[in-house]
Structure formats: structure tokens, C-alpha cells
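Note sheet for the following structure.
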Amino acid sequence: MPKFLGVEWVDIFSSIERKKTYFGVVYHFFLTYPLGLIVMILPFFLLFTFQWHILAIYACWYLYDRNSPKRGGYASEWVRRWRVNDWFAQYFPIKLHKTAELSPDHNYLVGCHPHGIIAMAAWANFATNGTGIYEKFPSIRWNLCTLAWMFKVAIRRELLLLTGLIDCSRESIEYVLDKSGEKGRAVVLVIGGAEEALDAHPGYHVLTLASRKGFVREALLTGAHLVPVYSFGENDVFEQVDNPVGSKLRNFQDWSKLKGGITYPIFHGRGFLQKAFGYLPFRKPIDTVIGAPITVEKVENPTKEQIDELHSIYCQKLTELFEEHKGRFGVEKDVKLVLK
Ligand SMILES: *[C@@H]1O[C@H](CO)[C@@H](O)[C@H](O)[C@H]1NC(C)=O
């Protein structure tokens, strides 16, 4: 790595393979942040350049298509197989480790942990073929869930839908796992959500799970088998400003979560040209282990006891998965998984 002024810089003489992976992560960055801004400005640009008919056509499509995120979306194998997705996964690299078969005779509700700052592993593994999901589970169709407002942003919404993303509401999950009448479908939820992002510090294994039981209820209602997934390294690809529970920063973050539903982890990664500061993730490996499915019987009206029981089985299986594989992926023996 070339060093200058005490900072590590991007090596412009690196191999073309390495440059491609860099391009993969820049593409993901573009999709995550600037694209949203661009499409907000675009309508004004079109208006002032008198291209309003393009706007009108898009508005018709937008109205026509508004329910797709709740109706299973429209995943395109072609988009999911874009080479840029492979480069993104190879950057870290992210790898998917399979421990059990998933039979195409059932549906699955997959819990992805931890959320990290922006759930890199969930995207690479389940929204793209970047880690080879088509080869590892050829008969399963995957849908990654995200927040409903993501589908309000023009153009980016279509890109997300083509990548197989759907709305994370109950209606949407029940549609795919039950009402569609299909089998071999898997809905992937990053259960800890934004709250868990506040605990995304390198070396931390802290999950927001003890109080999150909605997904268990959905599994019971739809009879979808539960699959625990843990990504070692997800919390290592960004640095976050210390925010222990009880600190001023954490109190503010909890307050804004309560008021606006949004949490703001104060984080940074590397930059485009230097490795000291920026919002691209660090090049550190992420290993995603997908556990064995937990059998679930469909229940019309699940009781609190049934939900609690299945929830504790899920937590136990996830903890076992963590314990079984942590040694392989650089977690010290005495580090335990914390469920809050
Ligand atoms: C999916 O990815 C794997 C591993 O990267 C690759 O071998 C395979 O050809 C890809 N499958 C499709 C259908 O593109």
C-alpha cells in the first residue's frame, strides 16, 4: 500500500481483478446514497427542460406498479447475476457457507444477523448471485425484505424490485409465504433492523432479538420454516463512534428513534482514494453461515405461549450456530453472542 502524509492511498497499479472489486463496492455505494438524491432532482430537471411527458409516463407506471413491493416484487435472474454483484462480494470478500439443504417442498423465513451498518452480507448473499446462491440452493427463490419507503424512490425502486427486494410488512411476507400458494420460496429478514446498527462495532456480537417476535408469529401464521443465518465480520467493515448504553450519544440516538423512527449510527469506513476516512466499507472478510431449518407447523391463531416457545427455540439454534462456527471465523473462545 502506498503511504503518503501518513495516510494509506489507493494503489493505482493494483491488478485489474482488484479494481473490478473496487468498482463493485462503488456501485453499491452509488445505489445506497447518491442515486436517491439524483432521482429527487430528476423530476425538476425534466420539468424545467419541458420533458414533462416523460414524467407523466413514469407517473402512470408508478401508480400502476405501486403494490408490487407487497406482492412478491419481480425479481430478475438477469439483474441478480450482473457481474458487478460478483465484484461487490469479492471486494470483502463475502462468502456463503451452507450447512444444510432447504427442500423445495416448504417455504422459509430466514433471519439474517447482525444488521451491521448497512447489511452488506444480506445484500450480497440473498439479493444477488454474488456468493453463488443459485448454485448452492438451485430450487429456492429468495426475496430480501426492506423498509416500505425504499420503494417510494423512483427508479431505485425498480432496481430494488428487479433484485428481488420486497416490502417487510406483514402483508407482504404473508403474500409470498402463504397467499401466493407457491413452495420453495424464502423471505429474508434482517431482524435487528436499524436498532441493531447502533451495536455494529468491530468485534461486537450483540443482537436486538430478545424483544423481536413478530417474525416468529409470521412463521407460525404461514407455516414457513425458520432459518437462522449469522454473518461473521459484518460488524467489522465500518468503524462507529463509541455509543455505550447510557452515554449522551446513545440517549440521543434512542430519542430520535422514538421520535422519528430513524437511528443514526455515526460511522465511517474508507474513502474513494485513501483508506483513512470515507463511507466505503473496509476490505475485510464476511462469512455468512446459513443454518438448518427449524420445522414450523402452521397455526391459525398463534398464542403468546406458542410464539414465545418458538422464539426461544430460534434463539437457541442461532446461538448454537454462532458457537459452532465462531472459531473458524476468528472469534475468540470466550466471546458469547449477546441477545438484547
Ligand atoms: C452464480 O454464482 C456462482 C459462483 O460465483 C457461479 O459459479 C454461477 O455460475 C452463478 N450462477 C448463475 C446462474 O449465474
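Identifiers for the C-alpha cells are assigned positionally: chains receive A, B, ... in sequence, residues are indexed from 1 per chain, and ligands are indexed from 1 in the order shown.
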
Closest atom pairs, chain A residues within 12 Å of ligand 1, only C-alpha atoms and all ligand atoms, as a Markdown table:
| residue | atom | partner | partner_atom_place_in_ligand_line | distance |
| --- | --- | --- | --- | --- |
| A:Ser76 | CA | ligand 1 | 13 (C) | 11.4 |
| A:Glu77 | CA | ligand 1 | 13 (C) | 7.6 |
| A:Trp78 | CA | ligand 1 | 14 (O) | 8.1 |
| A:Val79 | CA | ligand 1 | 14 (O) | 10.0 |
| A:Arg80 | CA | ligand 1 | 14 (O) | 8.2 |
| A:Arg81 | CA | ligand 1 | 14 (O) | 5.2 |
| A:Trp82 | CA | ligand 1 | 14 (O) | 8.2 |
| A:Arg83 | CA | ligand 1 | 14 (O) | 8.8 |
| A:Val84 | CA | ligand 1 | 5 (O) | 11.6 |
| A:Asn85 | CA | ligand 1 | 5 (O) | 9.7 |
| A:Asp86 | CA | ligand 1 | 5 (O) | 6.7 |
| A:Trp87 | CA | ligand 1 | 5 (O) | 9.8 |
| A:Phe88 | CA | ligand 1 | 5 (O) | 11.4 |
| A:Ala89 | CA | ligand 1 | 5 (O) | 9.2 |
| A:Gln90 | CA | ligand 1 | 5 (O) | 9.4 |
| A:Pro93 | CA | ligand 1 | 5 (O) | 11.7 |
| A:Ile94 | CA | ligand 1 | 5 (O) | 10.9 |
| A:Lys95 | CA | ligand 1 | 5 (O) | 9.7 |
| A:Leu96 | CA | ligand 1 | 4 (C) | 10.0 |
| A:Ala124 | CA | ligand 1 | 5 (O) | 11.0 |
| A:Asn125 | CA | ligand 1 | 2 (O) | 10.1 |
| A:Phe126 | CA | ligand 1 | 1 (C) | 11.5 |
| A:Ala127 | CA | ligand 1 | 1 (C) | 11.8 |
| A:Thr128 | CA | ligand 1 | 1 (C) | 8.5 |
| A:Asn129 | CA | ligand 1 | 1 (C) | 4.8 |
| A:Gly130 | CA | ligand 1 | 5 (O) | 5.8 |
| A:Thr131 | CA | ligand 1 | 5 (O) | 5.3 |
| A:Gly132 | CA | ligand 1 | 2 (O) | 3.4 |
| A:Ile133 | CA | ligand 1 | 1 (C) | 6.2 |
| A:Tyr134 | CA | ligand 1 | 1 (C) | 5.3 |
| A:Glu135 | CA | ligand 1 | 1 (C) | 5.8 |
| A:Lys136 | CA | ligand 1 | 3 (C) | 8.3 |
| A:Phe137 | CA | ligand 1 | 1 (C) | 10.3 |
| A:Pro138 | CA | ligand 1 | 13 (C) | 8.8 |
| A:Ser139 | CA | ligand 1 | 13 (C) | 11.7 |

Within 9 Å of region 269-273 of chain A using only C-alpha atoms, minus same-chain residues under 2 positions, as an mmCIF file with C-alpha atoms, in the first residue's frame:
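What ended up in part-v9.cif:
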data_model
loop_
_atom_site.group_PDB
_atom_site.id
_atom_site.type_symbol
_atom_site.label_atom_id
_atom_site.label_comp_id
_atom_site.auth_asym_id
_atom_site.auth_seq_id
_atom_site.Cartn_x
_atom_site.Cartn_y
_atom_site.Cartn_z
ATOM 1 C CA GLU A 8 -2.706 4.978 3.028
ATOM 2 C CA TRP A 9 -3.763 5.639 -0.552
ATOM 3 C CA VAL A 10 -5.372 3.524 -3.201
ATOM 4 C CA ASP A 11 -2.773 1.623 -5.212
ATOM 5 C CA TYR A 22 -13.433 -1.732 -6.043
ATOM 6 C CA VAL A 26 -18.542 1.927 -5.574
ATOM 7 C CA VAL A 237 -16.422 -3.346 7.792
ATOM 8 C CA PHE A 238 -17.119 0.084 9.317
ATOM 9 C CA GLU A 239 -15.917 1.922 12.407
ATOM 10 C CA GLN A 240 -18.559 3.516 14.622
ATOM 11 C CA PHE A 267 -19.816 5.639 11.320
ATOM 12 C CA LYS A 275 -8.041 4.386 3.242
ATOM 13 C CA ALA A 276 -8.322 6.632 6.283
ATOM 14 C CA PHE A 277 -11.810 8.102 6.148
ATOM 15 C CA GLY A 278 -14.928 7.872 3.993
ATOM 16 C CA TYR A 279 -18.114 5.936 3.541
ATOM 17 C CA LEU A 280 -16.942 2.926 1.585
ATOM 18 C CA PRO A 281 -16.596 -0.249 3.664
ATOM 19 C CA PHE A 282 -13.185 -1.588 4.623
ATOM 20 C CA ARG A 283 -11.881 -4.589 2.733
#

Inset, instruction - Could you jot down the CA of Glu218 (chain A) to CA of Gly111 (chain A) separation for me, Å, one decimal place? - result: 12.0 Å

Inset, instruction - Write out as a list in words each polymer residue whose atoms come within 8 Å of Ile140 (chain A), counting only C-alpha atoms; drop sequence neighbours fewer than 6 positions from it. - result: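 Within the cut-off, the hits are Leu102, Pro104, Gly184, Arg185 and Ala186 of chain A.
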
Dump as a short mmCIF file (atom, residue, chain, number, x, y, z; two decimals), in the first residue's frame, selection limited to N, CA and C atoms:
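Here's the written file part_31.cif:
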data_model
loop_
_atom_site.label_atom_id
_atom_site.label_comp_id
_atom_site.auth_asym_id
_atom_site.auth_seq_id
_atom_site.Cartn_x
_atom_site.Cartn_y
_atom_site.Cartn_z
N LEU A 102 -32.16 -27.04 1.86
CA LEU A 102 -33.50 -26.49 2.01
C LEU A 102 -34.38 -27.16 0.95
N PRO A 104 -37.36 -27.88 -1.55
CA PRO A 104 -38.29 -27.00 -2.27
C PRO A 104 -39.76 -27.27 -1.93
N GLY A 184 -41.07 -23.45 -2.02
CA GLY A 184 -39.68 -23.20 -2.41
C GLY A 184 -39.33 -21.73 -2.37
N ARG A 185 -40.09 -20.95 -1.60
CA ARG A 185 -39.79 -19.52 -1.52
C ARG A 185 -39.18 -19.20 -0.16
N ALA A 186 -38.26 -18.28 -0.15
CA ALA A 186 -37.60 -17.88 1.09
C ALA A 186 -37.62 -16.36 1.21
#

Within 12 Å of region 187-197 of chain A: each region 232-328 of chain A residue with its shortest pair, only C-alpha atoms, as a Markdown table:
| residue | atom | partner | partner_atom | distance |
| --- | --- | --- | --- | --- |
| A:Glu234 | CA | A:Ala197 | CA | 10.5 |
| A:Asn235 | CA | A:Ala197 | CA | 8.7 |
| A:Asp236 | CA | A:Ala197 | CA | 11.9 |
| A:Phe238 | CA | A:Ala197 | CA | 10.8 |
| A:Glu239 | CA | A:Ala197 | CA | 11.4 |
| A:Gln240 | CA | A:Ala197 | CA | 9.5 |
| A:Val241 | CA | A:Ala197 | CA | 11.8 |
| A:Asn243 | CA | A:Ala197 | CA | 11.2 |
| A:Arg250 | CA | A:Glu195 | CA | 10.9 |
| A:Gln253 | CA | A:Glu195 | CA | 9.3 |
| A:Asp254 | CA | A:Glu195 | CA | 8.5 |
| A:Trp255 | CA | A:Glu195 | CA | 11.7 |
| A:Ser256 | CA | A:Glu195 | CA | 11.1 |
| A:Lys257 | CA | A:Glu195 | CA | 8.1 |
| A:Leu258 | CA | A:Glu195 | CA | 10.7 |
| A:Gly261 | CA | A:Ala194 | CA | 9.1 |
| A:Ile262 | CA | A:Ala194 | CA | 7.3 |
| A:Thr263 | CA | A:Ala194 | CA | 6.2 |
| A:Tyr264 | CA | A:Ala194 | CA | 8.4 |
| A:Pro265 | CA | A:Ala197 | CA | 6.6 |
| A:Ile266 | CA | A:Ala197 | CA | 9.9 |
| A:Phe267 | CA | A:Ala197 | CA | 10.0 |
| A:Ile290 | CA | A:Val188 | CA | 11.5 |
